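So this one's start.csv, CSV, C-alpha atoms:
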```csv
chain,number,residue,atom,x,y,z
A,1,MET,CA,123.0,-135.7,-53.4
A,2,ALA,CA,121.7,-132.7,-55.3
A,3,LYS,CA,118.0,-132.8,-56.2
A,4,ILE,CA,117.5,-131.8,-59.9
A,5,THR,CA,114.1,-131.3,-61.7
A,6,VAL,CA,114.5,-131.3,-65.4
A,7,ALA,CA,112.5,-129.8,-68.3
A,8,PRO,CA,113.6,-129.3,-71.9
A,9,GLY,CA,116.5,-126.9,-72.1
A,10,ARG,CA,116.5,-126.1,-68.3
A,11,CYS,CA,116.6,-127.6,-64.9
A,12,TRP,CA,116.1,-126.5,-61.3
A,13,GLN,CA,118.6,-127.7,-58.7
A,14,TYR,CA,117.7,-127.7,-55.1
A,15,SER,CA,120.2,-125.6,-53.1
A,16,HIS,CA,119.3,-125.5,-49.4
A,17,TYR,CA,116.6,-124.2,-47.1
A,18,VAL,CA,116.6,-121.2,-44.8
A,19,GLY,CA,114.8,-121.2,-41.5
A,20,ARG,CA,113.4,-123.2,-38.6
A,21,GLN,CA,110.4,-123.0,-36.4
A,22,GLY,CA,110.8,-120.1,-34.0
A,23,GLY,CA,108.8,-117.2,-32.6
A,24,ALA,CA,111.7,-114.8,-32.6
A,25,GLY,CA,115.2,-114.3,-33.8
A,26,MET,CA,116.6,-117.1,-35.9
A,27,GLY,CA,113.3,-118.7,-36.8
A,28,PHE,CA,110.1,-118.2,-38.8
A,29,THR,CA,106.4,-118.7,-37.9
A,30,ALA,CA,104.3,-119.4,-41.0
A,31,PRO,CA,106.4,-117.4,-43.5
A,32,ILE,CA,103.9,-116.1,-46.0
A,33,GLY,CA,106.2,-114.0,-48.2
A,34,VAL,CA,109.8,-113.4,-49.0
A,35,ALA,CA,111.6,-110.6,-50.8
A,36,VAL,CA,115.2,-110.5,-52.0
A,37,GLY,CA,117.3,-107.3,-51.6
A,38,LYS,CA,120.9,-106.4,-52.4
A,39,ASP,CA,123.7,-108.8,-51.5
A,40,ASP,CA,121.3,-111.7,-51.1
A,41,MET,CA,119.5,-110.1,-48.3
A,42,LEU,CA,116.1,-111.8,-47.5
A,43,TYR,CA,113.1,-110.2,-45.9
A,44,VAL,CA,110.7,-112.8,-44.7
A,45,ALA,CA,107.1,-111.9,-43.6
A,46,ASN,CA,105.8,-114.0,-40.8
A,47,ARG,CA,102.0,-114.5,-40.6
A,48,ASN,CA,102.0,-115.8,-37.0
A,49,ASN,CA,103.8,-113.6,-34.4
A,50,PRO,CA,103.6,-111.0,-37.1
A,51,ARG,CA,107.0,-109.5,-37.9
A,52,ILE,CA,109.6,-109.2,-40.6
A,53,THR,CA,112.8,-111.3,-40.3
A,54,LYS,CA,115.9,-110.0,-42.1
A,55,THR,CA,118.6,-112.5,-42.8
A,56,THR,CA,121.1,-113.3,-45.5
A,57,LEU,CA,120.6,-116.2,-47.9
A,58,ASP,CA,123.3,-118.1,-46.1
A,59,GLN,CA,121.4,-117.6,-42.8
A,60,GLU,CA,123.3,-114.8,-41.1
A,61,PHE,CA,120.6,-113.4,-38.9
A,62,ILE,CA,120.5,-109.6,-39.2
A,63,MET,CA,117.4,-108.4,-37.3
A,64,GLU,CA,113.7,-108.5,-37.0
A,65,PHE,CA,111.3,-105.6,-37.1
A,66,GLY,CA,107.6,-104.7,-37.3
A,67,ARG,CA,106.8,-107.0,-34.5
A,68,GLY,CA,103.1,-106.7,-33.4
A,69,ILE,CA,102.5,-105.2,-30.0
A,70,PRO,CA,99.1,-104.6,-28.3
A,71,GLU,CA,97.2,-101.8,-30.0
A,72,GLN,CA,97.3,-98.4,-28.4
A,73,PRO,CA,94.9,-95.5,-29.3
A,74,GLY,CA,96.3,-93.5,-32.2
A,75,ALA,CA,99.2,-95.9,-32.9
A,76,PRO,CA,97.8,-99.1,-34.5
A,77,PHE,CA,101.0,-100.1,-36.2
A,78,PRO,CA,102.8,-102.4,-35.6
A,79,SER,CA,100.0,-104.3,-34.0
A,80,SER,CA,99.6,-107.8,-32.6
A,81,LYS,CA,96.4,-107.9,-34.7
A,82,MET,CA,98.2,-107.5,-38.0
A,83,TRP,CA,97.4,-110.2,-40.6
A,84,ILE,CA,100.4,-109.9,-42.9
A,85,THR,CA,99.7,-111.2,-46.4
A,86,SER,CA,102.7,-110.2,-48.6
A,87,ILE,CA,106.0,-108.4,-48.8
A,88,VAL,CA,107.8,-106.5,-51.6
A,89,LEU,CA,110.7,-104.1,-51.9
A,90,ASP,CA,110.9,-100.9,-53.9
A,91,ASN,CA,114.0,-99.6,-55.8
A,92,ASP,CA,115.4,-98.1,-52.6
A,93,GLU,CA,114.9,-101.4,-50.7
A,94,ASN,CA,112.1,-100.0,-48.6
A,95,VAL,CA,109.9,-102.8,-47.3
A,96,TYR,CA,106.2,-102.9,-48.0
A,97,THR,CA,103.8,-105.3,-46.3
A,98,THR,CA,100.0,-105.7,-46.7
A,99,ASP,CA,97.8,-106.1,-43.6
A,100,GLU,CA,94.4,-107.5,-44.3
A,101,TRP,CA,93.2,-106.9,-40.7
A,102,HIS,CA,93.6,-103.1,-41.0
A,103,ASN,CA,93.3,-103.0,-44.8
A,104,ALA,CA,96.5,-101.1,-44.9
A,105,VAL,CA,100.0,-101.0,-46.5
A,106,ILE,CA,102.8,-100.6,-44.0
A,107,VAL,CA,106.2,-99.3,-45.1
A,108,TYR,CA,109.6,-99.6,-43.4
A,109,ASN,CA,113.1,-98.8,-44.5
A,110,LYS,CA,115.6,-101.6,-44.8
A,111,ASP,CA,116.7,-100.9,-41.2
A,112,GLY,CA,113.3,-101.6,-39.9
A,113,GLU,CA,112.2,-98.1,-39.1
A,114,LEU,CA,108.5,-97.4,-39.7
A,115,LEU,CA,108.1,-94.9,-42.5
A,116,LYS,CA,104.4,-94.6,-43.3
A,117,THR,CA,101.1,-96.5,-43.4
A,118,TRP,CA,98.3,-95.9,-45.9
A,119,GLY,CA,95.1,-97.5,-47.0
A,120,GLU,CA,91.4,-97.3,-46.1
A,121,GLN,CA,88.9,-100.1,-46.1
A,122,GLY,CA,86.1,-100.0,-48.7
A,123,GLU,CA,84.8,-101.3,-52.0
A,124,ALA,CA,85.3,-98.1,-54.0
A,125,GLU,CA,88.2,-97.5,-56.3
A,126,GLY,CA,91.4,-96.8,-54.4
A,127,LYS,CA,90.1,-98.5,-51.2
A,128,LEU,CA,91.5,-101.7,-49.8
A,129,ASN,CA,89.3,-104.8,-49.1
A,130,GLY,CA,91.4,-107.8,-48.1
A,131,PRO,CA,94.7,-106.7,-49.6
A,132,SER,CA,96.9,-109.7,-50.3
A,133,GLY,CA,99.6,-109.9,-53.0
A,134,MET,CA,101.7,-106.9,-54.2
A,135,ALA,CA,104.2,-106.3,-57.0
A,136,PHE,CA,106.1,-103.3,-58.2
A,137,ASP,CA,106.3,-102.5,-61.9
A,138,ALA,CA,109.2,-100.9,-63.8
A,139,GLU,CA,108.0,-97.4,-62.9
A,140,ASP,CA,108.1,-98.4,-59.2
A,141,ASN,CA,104.3,-98.2,-59.0
A,142,LEU,CA,102.6,-100.7,-56.6
A,143,TRP,CA,100.0,-103.2,-57.8
A,144,ILE,CA,97.8,-104.6,-55.0
A,145,VAL,CA,95.4,-107.5,-55.1
A,146,ASN,CA,92.1,-106.8,-53.3
A,147,SER,CA,91.1,-110.4,-52.5
A,148,ILE,CA,87.7,-109.9,-51.1
A,149,SER,CA,86.5,-107.5,-53.9
A,150,SER,CA,88.3,-109.5,-56.6
A,151,ARG,CA,90.1,-106.5,-58.0
A,152,ILE,CA,93.6,-105.5,-58.9
A,153,GLN,CA,94.6,-101.9,-58.2
A,154,LYS,CA,97.6,-99.7,-59.1
A,155,PHE,CA,99.0,-97.0,-56.7
A,156,THR,CA,102.0,-94.8,-56.3
A,157,LYS,CA,104.4,-95.8,-53.6
A,158,ASP,CA,102.7,-93.2,-51.3
A,159,GLY,CA,99.2,-94.6,-51.9
A,160,GLN,CA,97.8,-92.4,-54.6
A,161,TYR,CA,95.3,-94.4,-56.7
A,162,LEU,CA,96.2,-94.7,-60.4
A,163,GLY,CA,93.7,-97.3,-61.7
A,164,GLY,CA,92.8,-100.9,-61.7
A,165,PHE,CA,90.8,-103.7,-63.2
A,166,GLY,CA,88.9,-106.9,-62.3
A,167,ALA,CA,85.4,-108.1,-61.5
A,168,LYS,CA,84.2,-111.1,-59.5
A,169,GLY,CA,83.3,-114.1,-61.6
A,170,SER,CA,84.6,-117.3,-63.2
A,171,GLY,CA,84.7,-116.2,-66.8
A,172,GLU,CA,87.7,-115.3,-68.8
A,173,GLY,CA,89.3,-112.3,-67.2
A,174,GLU,CA,87.1,-112.5,-64.1
A,175,LEU,CA,88.5,-113.2,-60.7
A,176,ASP,CA,87.3,-114.9,-57.5
A,177,MET,CA,89.3,-114.2,-54.3
A,178,PRO,CA,92.6,-113.7,-56.1
A,179,TRP,CA,95.8,-113.8,-53.9
A,180,GLY,CA,99.3,-113.6,-55.4
A,181,ILE,CA,100.6,-111.3,-58.2
A,182,THR,CA,103.7,-110.8,-60.2
A,183,ILE,CA,104.8,-108.7,-63.2
A,184,ASP,CA,107.1,-109.8,-66.0
A,185,ASN,CA,109.8,-107.9,-68.0
A,186,GLN,CA,107.2,-106.7,-70.5
A,187,GLY,CA,104.9,-105.3,-67.8
A,188,ASP,CA,102.2,-107.9,-68.1
A,189,ILE,CA,100.5,-109.0,-64.9
A,190,TYR,CA,100.0,-112.5,-63.5
A,191,VAL,CA,97.4,-113.1,-60.8
A,192,ALA,CA,96.8,-116.3,-58.8
A,193,ASP,CA,93.0,-116.6,-59.2
A,194,TRP,CA,92.6,-118.6,-55.9
A,195,ASN,CA,88.9,-119.7,-56.0
A,196,ASN,CA,88.9,-120.3,-59.8
A,197,HIS,CA,91.9,-122.7,-59.5
A,198,ARG,CA,94.0,-120.9,-62.1
A,199,VAL,CA,96.5,-118.1,-62.9
A,200,GLN,CA,95.5,-115.4,-65.3
A,201,LYS,CA,97.8,-113.1,-67.3
A,202,PHE,CA,96.7,-109.6,-68.1
A,203,SER,CA,98.1,-106.6,-69.9
A,204,PRO,CA,98.7,-103.5,-67.8
A,205,ASP,CA,95.3,-102.1,-68.8
A,206,GLY,CA,93.5,-105.3,-67.6
A,207,ALA,CA,93.0,-107.1,-70.9
A,208,HIS,CA,93.0,-110.9,-70.5
A,209,LEU,CA,96.0,-112.5,-72.3
A,210,LEU,CA,96.4,-116.1,-71.1
A,211,THR,CA,95.2,-118.6,-68.5
A,212,PHE,CA,97.5,-121.1,-66.7
A,213,GLY,CA,95.8,-124.2,-65.4
A,214,SER,CA,92.6,-125.9,-66.3
A,215,GLY,CA,90.4,-124.2,-63.7
A,216,LYS,CA,89.6,-127.7,-62.3
A,217,ARG,CA,89.9,-128.3,-58.6
A,218,THR,CA,92.0,-131.5,-58.0
A,219,GLY,CA,93.6,-133.3,-55.1
A,220,ILE,CA,90.2,-133.7,-53.3
A,221,SER,CA,88.8,-137.0,-52.1
A,222,PRO,CA,85.6,-138.2,-53.8
A,223,ASP,CA,83.4,-137.2,-50.9
A,224,GLY,CA,84.8,-133.6,-51.0
A,225,GLY,CA,86.7,-134.1,-47.7
A,226,THR,CA,90.3,-134.2,-46.8
A,227,PRO,CA,92.6,-133.2,-49.7
A,228,TYR,CA,94.6,-136.1,-51.1
A,229,SER,CA,97.7,-134.1,-50.8
A,230,HIS,CA,97.7,-134.5,-47.1
A,231,THR,CA,98.9,-138.1,-47.6
A,232,TYR,CA,102.1,-136.7,-49.1
A,233,GLN,CA,101.9,-139.2,-51.9
A,234,SER,CA,98.9,-138.8,-54.1
A,235,HIS,CA,99.6,-135.3,-55.3
A,236,VAL,CA,102.5,-136.6,-57.2
A,237,ALA,CA,100.1,-138.1,-59.7
A,238,VAL,CA,97.7,-135.1,-59.9
A,239,ASN,CA,97.6,-133.6,-63.4
A,240,PRO,CA,99.9,-130.6,-63.2
A,241,ASN,CA,97.4,-128.5,-65.2
A,242,ASP,CA,94.8,-129.0,-62.5
A,243,LEU,CA,95.4,-126.6,-59.7
A,244,ASN,CA,93.7,-126.5,-56.3
A,245,HIS,CA,93.5,-122.9,-54.8
A,246,PRO,CA,96.8,-121.5,-56.1
A,247,THR,CA,98.1,-118.7,-53.9
A,248,GLY,CA,101.5,-117.6,-55.3
A,249,VAL,CA,102.9,-116.8,-58.7
A,250,ALA,CA,106.3,-115.7,-60.0
A,251,VAL,CA,107.9,-115.4,-63.4
A,252,ASP,CA,111.5,-115.5,-64.4
A,253,GLY,CA,113.4,-113.7,-67.2
A,254,ASP,CA,112.8,-116.5,-69.7
A,255,GLY,CA,109.1,-116.4,-69.2
A,256,ASP,CA,108.7,-119.6,-67.2
A,257,VAL,CA,105.9,-119.1,-64.7
A,258,TYR,CA,105.9,-120.6,-61.2
A,259,VAL,CA,102.5,-121.3,-59.5
A,260,VAL,CA,102.3,-122.2,-55.8
A,261,ASP,CA,99.5,-124.9,-55.9
A,262,TRP,CA,98.6,-124.4,-52.2
A,263,MET,CA,96.2,-127.3,-51.6
A,264,ASN,CA,98.1,-129.7,-53.7
A,265,GLU,CA,101.3,-128.7,-51.9
A,266,ARG,CA,103.6,-128.2,-54.9
A,267,VAL,CA,104.9,-125.7,-57.3
A,268,VAL,CA,103.9,-126.2,-60.9
A,269,ILE,CA,106.2,-124.6,-63.5
A,270,PHE,CA,104.6,-123.5,-66.8
A,271,ASP,CA,106.3,-122.2,-70.0
A,272,ALA,CA,105.3,-118.9,-71.5
A,273,LYS,CA,102.6,-120.6,-73.6
A,274,ALA,CA,100.9,-121.9,-70.4
A,275,ASP,CA,102.0,-125.5,-70.9
A,276,PRO,CA,103.2,-127.3,-67.7
A,277,VAL,CA,106.8,-128.4,-67.9
A,278,ALA,CA,107.8,-129.5,-64.4
A,279,THR,CA,106.6,-129.9,-60.8
A,280,LEU,CA,108.4,-129.3,-57.6
A,281,ARG,CA,107.1,-130.9,-54.4
A,282,GLY,CA,109.9,-130.0,-52.1
A,283,ASP,CA,113.5,-131.3,-51.7
A,284,ALA,CA,114.6,-130.1,-48.3
A,285,THR,CA,117.2,-132.6,-47.5
A,286,GLY,CA,119.6,-132.1,-44.6
A,287,LEU,CA,119.2,-129.3,-42.1
A,288,SER,CA,119.5,-125.5,-42.2
A,289,LYS,CA,122.2,-123.8,-40.2
A,290,TRP,CA,119.5,-122.5,-37.8
A,291,ALA,CA,118.1,-126.0,-37.4
A,292,GLU,CA,121.5,-127.4,-36.7
A,293,LEU,CA,121.8,-124.9,-33.8
A,294,SER,CA,118.6,-126.2,-32.4
A,295,ILE,CA,119.7,-129.8,-32.4
A,296,ALA,CA,123.1,-129.0,-31.0
A,297,ALA,CA,121.3,-127.3,-28.0
A,298,ASN,CA,118.8,-130.1,-27.6
A,299,PRO,CA,120.0,-133.6,-28.6
A,300,ASP,CA,116.5,-135.0,-27.9
A,301,MET,CA,115.3,-133.2,-31.0
A,302,GLU,CA,117.6,-135.4,-33.1
A,303,LYS,CA,116.4,-138.5,-31.4
A,304,ALA,CA,112.8,-137.5,-32.2
A,305,ARG,CA,113.7,-137.0,-35.9
A,306,ARG,CA,115.0,-140.5,-36.0
A,307,ARG,CA,111.7,-141.9,-34.7
A,308,VAL,CA,109.8,-140.6,-37.7
A,309,LYS,CA,108.5,-143.6,-39.7
A,310,THR,CA,108.5,-141.9,-43.1
A,311,PRO,CA,111.3,-139.3,-42.8
A,312,GLU,CA,111.1,-138.3,-46.5
A,313,ILE,CA,107.9,-136.4,-45.8
A,314,GLN,CA,110.0,-133.8,-44.1
A,315,ASN,CA,111.5,-132.9,-47.4
A,316,TYR,CA,108.2,-132.0,-49.0
A,317,PHE,CA,106.3,-128.7,-49.1
A,318,ARG,CA,103.6,-128.3,-46.5
A,319,MET,CA,100.9,-125.9,-47.5
A,320,PRO,CA,103.3,-123.5,-49.3
A,321,VAL,CA,101.8,-120.0,-49.9
A,322,ALA,CA,104.2,-117.8,-51.9
A,323,CYS,CA,107.2,-117.8,-54.1
A,324,THR,CA,109.5,-115.3,-55.6
A,325,PHE,CA,112.1,-115.5,-58.4
A,326,ASP,CA,115.3,-113.5,-58.0
A,327,ARG,CA,116.2,-112.8,-61.6
A,328,ALA,CA,119.6,-111.4,-60.6
A,329,SER,CA,120.8,-114.7,-59.3
A,330,ASN,CA,118.4,-117.0,-61.2
A,331,ARG,CA,117.0,-118.4,-57.9
A,332,LEU,CA,113.5,-119.5,-57.0
A,333,LEU,CA,112.5,-119.1,-53.3
A,334,VAL,CA,109.4,-120.9,-52.0
A,335,CYS,CA,107.7,-120.1,-48.7
A,336,ASP,CA,107.2,-123.6,-47.2
A,337,THR,CA,104.8,-122.0,-44.8
A,338,LEU,CA,103.7,-124.7,-42.4
A,339,ARG,CA,107.3,-126.0,-42.2
A,340,SER,CA,108.6,-122.5,-41.3
A,341,ARG,CA,111.3,-122.4,-43.9
A,342,ILE,CA,112.2,-121.1,-47.4
A,343,GLN,CA,113.3,-123.7,-49.9
A,344,VAL,CA,115.8,-122.4,-52.5
A,345,TYR,CA,116.3,-123.6,-56.0
A,346,HIS,CA,118.8,-122.5,-58.7
A,347,LYS,CA,117.7,-122.5,-62.3
A,348,ASP,CA,120.1,-123.6,-65.0
A,349,ASP,CA,118.7,-122.4,-68.4
A,350,ASP,CA,121.5,-123.9,-70.4
A,351,TYR,CA,120.8,-127.5,-69.4
A,352,LEU,CA,121.6,-130.2,-71.9
A,353,ASP,CA,120.3,-133.7,-71.6
A,354,PRO,CA,123.1,-136.2,-71.0
A,355,GLN,CA,124.4,-138.1,-74.1
A,356,PHE,CA,124.2,-141.7,-73.0
A,357,ASN,CA,125.5,-143.0,-76.4
A,358,LEU,CA,129.0,-141.6,-75.8
```
So that I can check it, write out the structure of this file as structure tokens.
Amino acid sequence: MAKITVAPGRCWQYSHYVGRQGGAGMGFTAPIGVAVGKDDMLYVANRNNPRITKTTLDQEFIMEFGRGIPEQPGAPFPSSKMWITSIVLDNDENVYTTDEWHNAVIVYNKDGELLKTWGEQGEAEGKLNGPSGMAFDAEDNLWIVNSISSRIQKFTKDGQYLGGFGAKGSGEGELDMPWGITIDNQGDIYVADWNNHRVQKFSPDGAHLLTFGSGKRTGISPDGGTPYSHTYQSHVAVNPNDLNHPTGVAVDGDGDVYVVDWMNERVVIFDAKADPVATLRGDATGLSKWAELSIAANPDMEKARRRVKTPEIQNYFRMPVACTFDRASNRLLVCDTLRSRIQVYHKDDDYLDPQFNL
């Protein structure tokens, strides 16, 4: 049965999930970012066993590339020491990843050939210091989050510094270890302000426009210990306006904003006025095509699944990190990171409530 999450005038219907646990080929290891190319092509950035997996939305495995190998003098990329943090595509479907270990941007073409690397560690303008989220604007310029220095910077595709904004702090317009970033149709910029437990919206010149979330940290036990969300139950009741270390953000063509609430293990959906309208906690029923292959090859895996006392927990997100909204297909894709999969939802923005008086 299809899982549907409803809000006034729209709904999100769970479609399927892509992936399974795997260190190579038809599998992901801690997917930390996903980008959508032409013809429903997916490029998935794997944090562990660092590499890019290229597959179709219906799980036809194409290839993997950028796999880390032991470093050699003069040739540090790809490297087994890479810490991939995000992935985006330019207008030519070249693949850009950020690497926070080397403080670099690594660029491949869509066939996996290494094109270039750029970036230099530092605190000064134009330097990278813990690069995390990335987003291209309408002019194909690249915006990069510097998580450690709490700054947002704008570059050309080749790494020429164009400008930036941001300062460390908790006040309006200030940032504290930001992570994810996205840009809407008007060019405004949304940043997941990780350690301030909120998302902020900025104009292209860095003026603060709006804040999503209360800035309160929730989902934590009274003694400050284990997050409540790890029970897989209590985060259902957590106020959707109270975020806990949000990591990812996306915006659709209607202005709805999707926030990956990392520690509360959910995606909170806000409207354009920053009011929460819905929450997704994960709906991964059934198995992916790749997971079915695993079970067909090893029947003991299916027996193990049947022994799970609370099987519904397998449907939920587990420490999700990122999301992207493909405006061409009206689909939301969520990196369900610790479950090594991508959960896919379709948005229906013409939804009408059923008329039960008929």
_With distances taken over only C-alpha atoms, which residue among A:Met134, A:Trp118, A:Gln59, A:Trp194 lies nearest Gln160 in chain A?_
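Ranked by minimum distance to Gln160 in chain A, first place goes to A:Trp118.
Atom to atom, CA of Tyr190 in chain A and CA of Phe136 in chain A stand 12.2 Å apart.
Distance-wise, CA of Trp262 in chain A and CA of Asn48 in chain A end up 17.8 Å apart.
Every protein, DNA or RNA residue with an atom at most 10 Å from Trp290 in chain A, where only C-alpha atoms count and chain neighbours fewer than 3 positions away do not, is listed here: Tyr17, Val18, Gly19, Arg20, Gln21, Gly22, Met26, Gly27, Gln59, Glu60, Phe61, Leu287, Leu293, Ser294 and Ile295 of chain A.
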Do a neighbour search on Val249 in chain A at 9 Å with only C-alpha atoms, toss out local chain neighbours closer than 6 positions, and write the hits as a PDB file with C-alpha atoms, keeping the file's coordinate frame.
```pdb
ATOM      1  CA  GLY A 180      99.300-113.600 -55.400  1.00  0.00           C
ATOM      2  CA  ILE A 181     100.600-111.300 -58.200  1.00  0.00           C
ATOM      3  CA  THR A 182     103.700-110.800 -60.200  1.00  0.00           C
ATOM      4  CA  TYR A 190     100.000-112.500 -63.500  1.00  0.00           C
ATOM      5  CA  VAL A 191      97.400-113.100 -60.800  1.00  0.00           C
ATOM      6  CA  ALA A 192      96.800-116.300 -58.800  1.00  0.00           C
ATOM      7  CA  VAL A 199      96.500-118.100 -62.900  1.00  0.00           C
ATOM      8  CA  VAL A 257     105.900-119.100 -64.700  1.00  0.00           C
ATOM      9  CA  TYR A 258     105.900-120.600 -61.200  1.00  0.00           C
ATOM     10  CA  VAL A 259     102.500-121.300 -59.500  1.00  0.00           C
ATOM     11  CA  VAL A 260     102.300-122.200 -55.800  1.00  0.00           C
ATOM     12  CA  ALA A 322     104.200-117.800 -51.900  1.00  0.00           C
ATOM     13  CA  CYS A 323     107.200-117.800 -54.100  1.00  0.00           C
ATOM     14  CA  THR A 324     109.500-115.300 -55.600  1.00  0.00           C
TER      15      THR A 324
END
```
Output as CSV one row per residue of range 38-63 of chain A within 12 Å of range 86-95 of chain A: the closest atom pair and its distance in Å to one decimal place, counting all atoms listed in the file, sorted by chain and residue number ascending.
```
residue,atom,partner,partner_atom,distance
A:Lys38,CA,A:Glu93,CA,8.0
A:Asp39,CA,A:Glu93,CA,11.5
A:Met41,CA,A:Glu93,CA,10.1
A:Leu42,CA,A:Leu89,CA,10.4
A:Tyr43,CA,A:Ile87,CA,7.9
A:Val44,CA,A:Ile87,CA,7.6
A:Ala45,CA,A:Ile87,CA,6.4
A:Asn46,CA,A:Ser86,CA,9.2
A:Arg47,CA,A:Ser86,CA,9.1
A:Pro50,CA,A:Ser86,CA,11.6
A:Arg51,CA,A:Ile87,CA,11.0
A:Ile52,CA,A:Ile87,CA,9.0
A:Thr53,CA,A:Ile87,CA,11.3
A:Lys54,CA,A:Val95,CA,10.7
```
*Exercise: Thr211 in chain A partners within 8 Å, all atoms listed in the file, chain neighbours under 5 positions left out, as an MDAnalysis selection string*: chainID A and resid 198:201 274
*Quick one: pull the distance between CA of Lys127 in chain A and CA of Leu142 in chain A, Å, one decimal.*
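Spanning CA of Lys127 in chain A to CA of Leu142 in chain A is a straight-line distance of 13.8 Å.
Of the residues under consideration (A:Pro31, A:Gly119, A:Gly213, A:Gly248), A:Gly248 shows the shortest atom-to-atom contact distance to Ala135 in chain A when counting only C-alpha atoms.
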*Leaving out Thr279 in chain A and any residue of its chain fewer than 4 positions from it, which residues lie within 8 Å of it when counting all atoms listed in the file, given as a ChimeraX atom specification?*
/A:5,240,266-269
*asked:* From the options A:Phe212, A:Asp256, A:Thr285, A:Thr117, which residue's atoms come nearest to Leu243 in chain A, counting only C-alpha atoms?
replied: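 Result for the nearest residue to Leu243 in chain A: A:Phe212.
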*Skipping near chain neighbours, those fewer than 6 positions away, what residues fall within 12 Å of Pro178 in chain A using all atoms listed in the file, listed as a ChimeraX atom specification?*
/A:129-134,144-152,166-170,190-200,245-249
_Residue with smallest distance to Lys273 in chain A - pool A:Ser203, A:Asn103, A:Glu120, A:Leu210, counting all atoms listed in the file_ =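 Closest residue, counting all atoms listed in the file: A:Leu210.
Considering the residues A:Thr218, A:Leu338, A:Met177, A:Lys154 and counting all atoms listed in the file, Asp205 in chain A has its shortest atom-to-atom contact with A:Lys154.
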_Taking only C-alpha atoms into account, name the residue in A:Ala296, A:Val321, A:Val344, A:Met63 that is nearest to Trp179 in chain A._
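Once distances to Trp179 in chain A are computed over only C-alpha atoms, the minimum belongs to A:Val321.
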*Within 9 Å of (118.3, -132.9, -58.5), in the coordinates the file gives, what residues turn up when you count only C-alpha atoms, written out as a list of chain:residue names?*
A:Met1, A:Ala2, A:Lys3, A:Ile4, A:Thr5, A:Val6, A:Cys11, A:Trp12, A:Gln13, A:Tyr14, A:Asp283
